[in-house]
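Before any comments, here is the structure.
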Amino acid sequence: MPQSGYTGISYPFRISNRGGVVTSTTSKTDPTHIEESIQQIFNTNFLERPMESDIYNSIQSLLFEPNNEALQQAIKVRMVDDLERLEERIECEEDDIEFTIEVENDVEYLYANITYMVTKYNTYYTSKIKVGESSHE
């Protein structure tokens, strides 16, 4: 049986077929709850949570800039800063983030493949997170 880990409300928020809130957990072999937490961080804009104004990502303003190596490095630095500030259960560095661009319905999106260590297990995982629309201008 896997070692039990962190448990909390799933992201995105949803109600189960039994009427309760869906929760997610982590274990040494399954980082689902941590991955959902990372997704939530990078999908929360500044002041989107008025009662918790410290919870937001700092990369949204950069996503409309022309996509080049300097911009990607700046985004990596901000992503690591956001993760250090908001997700203390993991460790991640700029070198642990790689970007890909994917087209969905004629719109280009920037994805980040983030490799991080869950400190409780001392185990590494990689998650693919949709960061936002990409601009090539």
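Letters for chains follow the order of the structure tokens (A, B, ...), residue numbers begin at 1 for each chain, and ligand numbers begin at 1 in the order shown.
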
Report task. Taking the chain letters and numbering used in this document, name the residues of region 13-84 of chain A that DSSP puts in strand (DSSP E or B), as an MDAnalysis selection string. Result -> chainID A and resid 15 21 23:27 30 66

Go ahead and write the residues just picked, N, CA and C atoms, as a tab-separated table (two decimals), in the first residue's frame.
```tsv
chain	number	residue	atom	x	y	z
A	15	ILE	N	-18.06	18.75	-7.77
A	15	ILE	CA	-18.88	17.98	-6.84
A	15	ILE	C	-18.94	16.54	-7.34
A	21	VAL	N	-17.64	17.25	-2.10
A	21	VAL	CA	-16.53	17.86	-2.83
A	21	VAL	C	-15.51	16.76	-3.16
A	23	THR	N	-11.96	15.28	-3.63
A	23	THR	CA	-10.64	15.54	-3.07
A	23	THR	C	-9.60	14.73	-3.83
A	24	SER	N	-8.36	15.14	-3.69
A	24	SER	CA	-7.26	14.40	-4.29
A	24	SER	C	-6.18	14.22	-3.24
A	25	THR	N	-5.31	13.25	-3.48
A	25	THR	CA	-4.24	12.95	-2.52
A	25	THR	C	-2.93	12.78	-3.26
A	26	THR	N	-1.87	12.65	-2.49
A	26	THR	CA	-0.58	12.29	-3.05
A	26	THR	C	-0.10	11.03	-2.34
A	27	SER	N	0.77	10.34	-3.00
A	27	SER	CA	1.48	9.23	-2.39
A	27	SER	C	2.86	9.23	-3.02
A	30	ASP	N	2.19	8.75	-6.66
A	30	ASP	CA	1.15	9.53	-7.34
A	30	ASP	C	1.10	10.96	-6.79
A	66	PRO	N	6.75	38.92	-27.05
A	66	PRO	CA	7.26	38.00	-28.08
A	66	PRO	C	8.01	36.82	-27.44
```

Requested in this report: Pick out the residues sitting within 12 Å of region 93-100 of chain A, and hand them over as a PyMOL selection string; count only C-alpha atoms, and ignore anything fewer than 5 positions along from it in its own chain.
Outcome: chain A and resi 67-69+71-84+108-117+124-134

Writing out the chosen residues with N, CA and C atoms as a compact mmCIF listing (two decimals), in the first residue's frame:
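Result went into selection12.txt, see below:
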```txt
# COMPACT_ATOMS: atom_id res chain seq x y z
N ASN A 67 7.75 35.64 -27.95
CA ASN A 67 8.33 34.42 -27.39
C ASN A 67 9.76 34.26 -27.88
N ASN A 68 10.73 34.40 -26.95
CA ASN A 68 12.13 34.17 -27.28
C ASN A 68 12.82 33.59 -26.05
N GLU A 69 14.11 33.29 -26.18
CA GLU A 69 14.84 32.64 -25.07
C GLU A 69 14.92 33.51 -23.83
N LEU A 71 12.78 35.80 -22.82
CA LEU A 71 11.47 35.81 -22.17
C LEU A 71 11.23 34.48 -21.44
N GLN A 72 11.58 33.38 -22.08
CA GLN A 72 11.38 32.08 -21.43
C GLN A 72 12.21 31.97 -20.16
N GLN A 73 13.41 32.52 -20.14
CA GLN A 73 14.22 32.49 -18.92
C GLN A 73 13.56 33.34 -17.84
N ALA A 74 13.03 34.50 -18.21
CA ALA A 74 12.34 35.35 -17.23
C ALA A 74 11.11 34.64 -16.67
N ILE A 75 10.38 33.93 -17.52
CA ILE A 75 9.20 33.19 -17.06
C ILE A 75 9.63 32.07 -16.10
N LYS A 76 10.72 31.38 -16.43
CA LYS A 76 11.21 30.32 -15.55
C LYS A 76 11.55 30.86 -14.16
N VAL A 77 12.23 32.00 -14.11
CA VAL A 77 12.60 32.60 -12.83
C VAL A 77 11.35 32.93 -12.02
N ARG A 78 10.36 33.53 -12.68
CA ARG A 78 9.12 33.88 -11.98
C ARG A 78 8.35 32.64 -11.54
N MET A 79 8.35 31.60 -12.38
CA MET A 79 7.63 30.38 -12.01
C MET A 79 8.26 29.75 -10.76
N VAL A 80 9.57 29.69 -10.72
CA VAL A 80 10.25 29.12 -9.55
C VAL A 80 9.97 29.98 -8.32
N ASP A 81 10.00 31.30 -8.48
CA ASP A 81 9.67 32.19 -7.36
C ASP A 81 8.25 31.95 -6.85
N ASP A 82 7.30 31.81 -7.78
CA ASP A 82 5.91 31.55 -7.40
C ASP A 82 5.78 30.22 -6.67
N LEU A 83 6.47 29.19 -7.17
CA LEU A 83 6.40 27.89 -6.52
C LEU A 83 7.04 27.92 -5.13
N GLU A 84 8.15 28.62 -4.99
CA GLU A 84 8.78 28.73 -3.67
C GLU A 84 7.88 29.48 -2.70
N GLU A 108 -2.06 29.14 -30.23
CA GLU A 108 -0.84 28.56 -29.69
C GLU A 108 -0.79 28.77 -28.18
N TYR A 109 -0.52 27.69 -27.45
CA TYR A 109 -0.43 27.74 -26.00
C TYR A 109 0.97 27.33 -25.56
N LEU A 110 1.44 28.00 -24.53
CA LEU A 110 2.72 27.68 -23.94
C LEU A 110 2.49 26.71 -22.79
N TYR A 111 3.19 25.58 -22.84
CA TYR A 111 3.14 24.58 -21.78
C TYR A 111 4.50 24.51 -21.11
N ALA A 112 4.48 24.25 -19.82
CA ALA A 112 5.72 24.05 -19.08
C ALA A 112 5.76 22.63 -18.57
N ASN A 113 6.84 21.94 -18.86
CA ASN A 113 7.10 20.63 -18.27
C ASN A 113 8.00 20.90 -17.06
N ILE A 114 7.41 20.76 -15.87
CA ILE A 114 8.10 21.11 -14.63
C ILE A 114 8.49 19.84 -13.90
N THR A 115 9.78 19.69 -13.65
CA THR A 115 10.26 18.58 -12.84
C THR A 115 10.51 19.14 -11.44
N TYR A 116 9.93 18.50 -10.45
CA TYR A 116 10.01 18.97 -9.08
C TYR A 116 10.16 17.80 -8.13
N MET A 117 10.68 18.10 -6.94
CA MET A 117 10.83 17.07 -5.93
C MET A 117 9.81 17.34 -4.82
N TYR A 124 11.21 12.66 -7.36
CA TYR A 124 10.99 13.61 -8.44
C TYR A 124 9.83 13.20 -9.32
N TYR A 125 9.09 14.21 -9.78
CA TYR A 125 7.96 14.02 -10.69
C TYR A 125 8.05 15.09 -11.77
N THR A 126 7.43 14.85 -12.91
CA THR A 126 7.33 15.86 -13.96
C THR A 126 5.86 16.04 -14.29
N SER A 127 5.43 17.30 -14.33
CA SER A 127 4.05 17.62 -14.67
C SER A 127 4.03 18.59 -15.84
N LYS A 128 3.06 18.42 -16.71
CA LYS A 128 2.87 19.31 -17.85
C LYS A 128 1.75 20.29 -17.48
N ILE A 129 2.09 21.59 -17.45
CA ILE A 129 1.16 22.62 -17.01
C ILE A 129 0.93 23.61 -18.14
N LYS A 130 -0.33 23.88 -18.45
CA LYS A 130 -0.66 24.90 -19.45
C LYS A 130 -0.46 26.27 -18.80
N VAL A 131 0.46 27.05 -19.38
CA VAL A 131 0.81 28.33 -18.81
C VAL A 131 -0.05 29.45 -19.38
N GLY A 132 -0.32 29.41 -20.68
CA GLY A 132 -1.16 30.45 -21.29
C GLY A 132 -0.93 30.52 -22.78
N GLU A 133 -1.58 31.50 -23.41
CA GLU A 133 -1.41 31.70 -24.85
C GLU A 133 -0.01 32.20 -25.13
N SER A 134 0.48 31.86 -26.31
CA SER A 134 1.83 32.24 -26.71
C SER A 134 1.75 33.26 -27.84
```

Query - Length of the CA of Val22 (chain A) to CA of Gly5 (chain A) vector [Å] - result: 16.4 Å

Report task. Select from chain A everything DSSP, run on the backbone, classes as helix (DSSP H, G or I), then give the selection as a PyMOL selection string. Result -> chain A and resi 32-42+50-52+60-64+69-86+94-96

Write the residues you've just listed into a file as a compact mmCIF listing (two decimals), in the first residue's frame, and include N, CA, C and O atoms for each of them.
```txt
# COMPACT_ATOMS: atom_id res chain seq x y z
N THR A 32 -0.76 13.53 -7.63
CA THR A 32 -1.94 14.22 -8.15
C THR A 32 -2.27 15.51 -7.42
O THR A 32 -2.48 16.55 -8.04
N HIS A 33 -2.35 15.49 -6.10
CA HIS A 33 -2.75 16.70 -5.37
C HIS A 33 -1.73 17.83 -5.53
O HIS A 33 -2.10 19.00 -5.68
N ILE A 34 -0.45 17.50 -5.54
CA ILE A 34 0.59 18.51 -5.74
C ILE A 34 0.49 19.08 -7.16
O ILE A 34 0.58 20.29 -7.36
N GLU A 35 0.29 18.22 -8.14
CA GLU A 35 0.15 18.68 -9.53
C GLU A 35 -1.04 19.62 -9.67
O GLU A 35 -0.96 20.65 -10.34
N GLU A 36 -2.16 19.29 -9.04
CA GLU A 36 -3.33 20.16 -9.07
C GLU A 36 -3.04 21.50 -8.40
O GLU A 36 -3.50 22.55 -8.86
N SER A 37 -2.26 21.48 -7.34
CA SER A 37 -1.87 22.72 -6.66
C SER A 37 -1.03 23.60 -7.58
O SER A 37 -1.24 24.82 -7.64
N ILE A 38 -0.10 23.00 -8.30
CA ILE A 38 0.72 23.76 -9.25
C ILE A 38 -0.15 24.36 -10.35
O ILE A 38 0.01 25.53 -10.71
N GLN A 39 -1.08 23.58 -10.88
CA GLN A 39 -2.00 24.09 -11.89
C GLN A 39 -2.80 25.27 -11.35
O GLN A 39 -2.99 26.28 -12.04
N GLN A 40 -3.25 25.15 -10.12
CA GLN A 40 -4.04 26.22 -9.53
C GLN A 40 -3.20 27.49 -9.37
O GLN A 40 -3.68 28.60 -9.65
N ILE A 41 -1.95 27.36 -8.97
CA ILE A 41 -1.07 28.52 -8.84
C ILE A 41 -0.96 29.25 -10.18
O ILE A 41 -1.13 30.47 -10.26
N PHE A 42 -0.69 28.51 -11.25
CA PHE A 42 -0.45 29.15 -12.54
C PHE A 42 -1.73 29.50 -13.29
O PHE A 42 -1.67 30.10 -14.37
N PRO A 50 -9.67 37.97 -3.84
CA PRO A 50 -9.54 39.21 -3.06
C PRO A 50 -9.24 38.98 -1.58
O PRO A 50 -8.56 39.79 -0.96
N MET A 51 -9.71 37.90 -1.01
CA MET A 51 -9.47 37.65 0.41
C MET A 51 -8.13 36.95 0.65
O MET A 51 -7.70 36.82 1.79
N GLU A 52 -7.49 36.50 -0.41
CA GLU A 52 -6.17 35.86 -0.32
C GLU A 52 -5.30 36.47 -1.41
O GLU A 52 -4.86 35.78 -2.33
N GLN A 60 1.59 36.09 -15.86
CA GLN A 60 0.57 36.41 -16.86
C GLN A 60 0.93 37.62 -17.71
O GLN A 60 0.70 37.62 -18.92
N SER A 61 1.52 38.65 -17.12
CA SER A 61 1.86 39.85 -17.90
C SER A 61 2.94 39.57 -18.94
O SER A 61 3.04 40.28 -19.94
N LEU A 62 3.74 38.55 -18.73
CA LEU A 62 4.81 38.22 -19.68
C LEU A 62 4.34 37.41 -20.87
O LEU A 62 5.02 37.36 -21.90
N LEU A 63 3.18 36.80 -20.77
CA LEU A 63 2.73 35.89 -21.82
C LEU A 63 2.37 36.59 -23.13
O LEU A 63 2.26 35.96 -24.16
N PHE A 64 2.20 37.90 -23.09
CA PHE A 64 1.84 38.63 -24.30
C PHE A 64 3.06 39.25 -24.98
O PHE A 64 2.94 39.94 -25.97
N GLU A 69 14.11 33.29 -26.18
CA GLU A 69 14.84 32.64 -25.07
C GLU A 69 14.92 33.51 -23.83
O GLU A 69 14.80 33.01 -22.71
N ALA A 70 15.11 34.82 -24.00
CA ALA A 70 15.20 35.72 -22.84
C ALA A 70 13.88 35.75 -22.08
O ALA A 70 13.86 35.72 -20.83
N LEU A 71 12.78 35.80 -22.82
CA LEU A 71 11.47 35.81 -22.17
C LEU A 71 11.23 34.48 -21.44
O LEU A 71 10.75 34.47 -20.31
N GLN A 72 11.58 33.38 -22.08
CA GLN A 72 11.38 32.08 -21.43
C GLN A 72 12.21 31.97 -20.16
O GLN A 72 11.74 31.42 -19.17
N GLN A 73 13.41 32.52 -20.14
CA GLN A 73 14.22 32.49 -18.92
C GLN A 73 13.56 33.34 -17.84
O GLN A 73 13.53 32.94 -16.67
N ALA A 74 13.03 34.50 -18.21
CA ALA A 74 12.34 35.35 -17.23
C ALA A 74 11.11 34.64 -16.67
O ALA A 74 10.83 34.71 -15.46
N ILE A 75 10.38 33.93 -17.52
CA ILE A 75 9.20 33.19 -17.06
C ILE A 75 9.63 32.07 -16.10
O ILE A 75 9.00 31.86 -15.06
N LYS A 76 10.72 31.38 -16.43
CA LYS A 76 11.21 30.32 -15.55
C LYS A 76 11.55 30.86 -14.16
O LYS A 76 11.19 30.25 -13.14
N VAL A 77 12.23 32.00 -14.11
CA VAL A 77 12.60 32.60 -12.83
C VAL A 77 11.35 32.93 -12.02
O VAL A 77 11.25 32.61 -10.83
N ARG A 78 10.36 33.53 -12.68
CA ARG A 78 9.12 33.88 -11.98
C ARG A 78 8.35 32.64 -11.54
O ARG A 78 7.76 32.62 -10.46
N MET A 79 8.35 31.60 -12.38
CA MET A 79 7.63 30.38 -12.01
C MET A 79 8.26 29.75 -10.76
O MET A 79 7.54 29.33 -9.85
N VAL A 80 9.57 29.69 -10.72
CA VAL A 80 10.25 29.12 -9.55
C VAL A 80 9.97 29.98 -8.32
O VAL A 80 9.68 29.45 -7.24
N ASP A 81 10.00 31.30 -8.48
CA ASP A 81 9.67 32.19 -7.36
C ASP A 81 8.25 31.95 -6.85
O ASP A 81 8.01 31.89 -5.64
N ASP A 82 7.30 31.81 -7.78
CA ASP A 82 5.91 31.55 -7.40
C ASP A 82 5.78 30.22 -6.67
O ASP A 82 5.06 30.11 -5.67
N LEU A 83 6.47 29.19 -7.17
CA LEU A 83 6.40 27.89 -6.52
C LEU A 83 7.04 27.92 -5.13
O LEU A 83 6.51 27.33 -4.19
N GLU A 84 8.15 28.62 -4.99
CA GLU A 84 8.78 28.73 -3.67
C GLU A 84 7.88 29.48 -2.70
O GLU A 84 7.81 29.15 -1.52
N ARG A 85 7.17 30.48 -3.19
CA ARG A 85 6.31 31.31 -2.36
C ARG A 85 5.02 30.59 -1.96
O ARG A 85 4.54 30.74 -0.84
N LEU A 86 4.48 29.77 -2.86
CA LEU A 86 3.14 29.23 -2.65
C LEU A 86 3.07 27.71 -2.46
O LEU A 86 2.04 27.21 -2.01
N GLU A 94 15.10 26.66 -12.01
CA GLU A 94 14.86 27.10 -13.39
C GLU A 94 15.24 26.02 -14.41
O GLU A 94 14.55 25.83 -15.41
N ASP A 95 16.32 25.28 -14.15
CA ASP A 95 16.76 24.23 -15.08
C ASP A 95 15.78 23.06 -15.13
O ASP A 95 15.90 22.20 -16.01
N ASP A 96 14.84 23.01 -14.19
CA ASP A 96 13.86 21.92 -14.13
C ASP A 96 12.61 22.22 -14.94
O ASP A 96 11.63 21.47 -14.87
```

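Across the structure, CA of Tyr121 (chain A) and CA of Glu87 (chain A) are spaced 15.0 Å apart.
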
**Report entry** Long-range neighbours of Thr123 (chain A) as JSON, numbers by chain, 10 Å cut-off, only C-alpha atoms, 3 positions minimum in chain
**Finding:** {"A": [28, 29, 31, 90, 116, 117, 118, 119, 120]}

Report summary line: Shortest contact to Thr44 (chain A), candidates A:Glu104, A:Asn17, A:Glu88, A:Pro12, atoms counted only C-alpha atoms, goes to A:Pro12
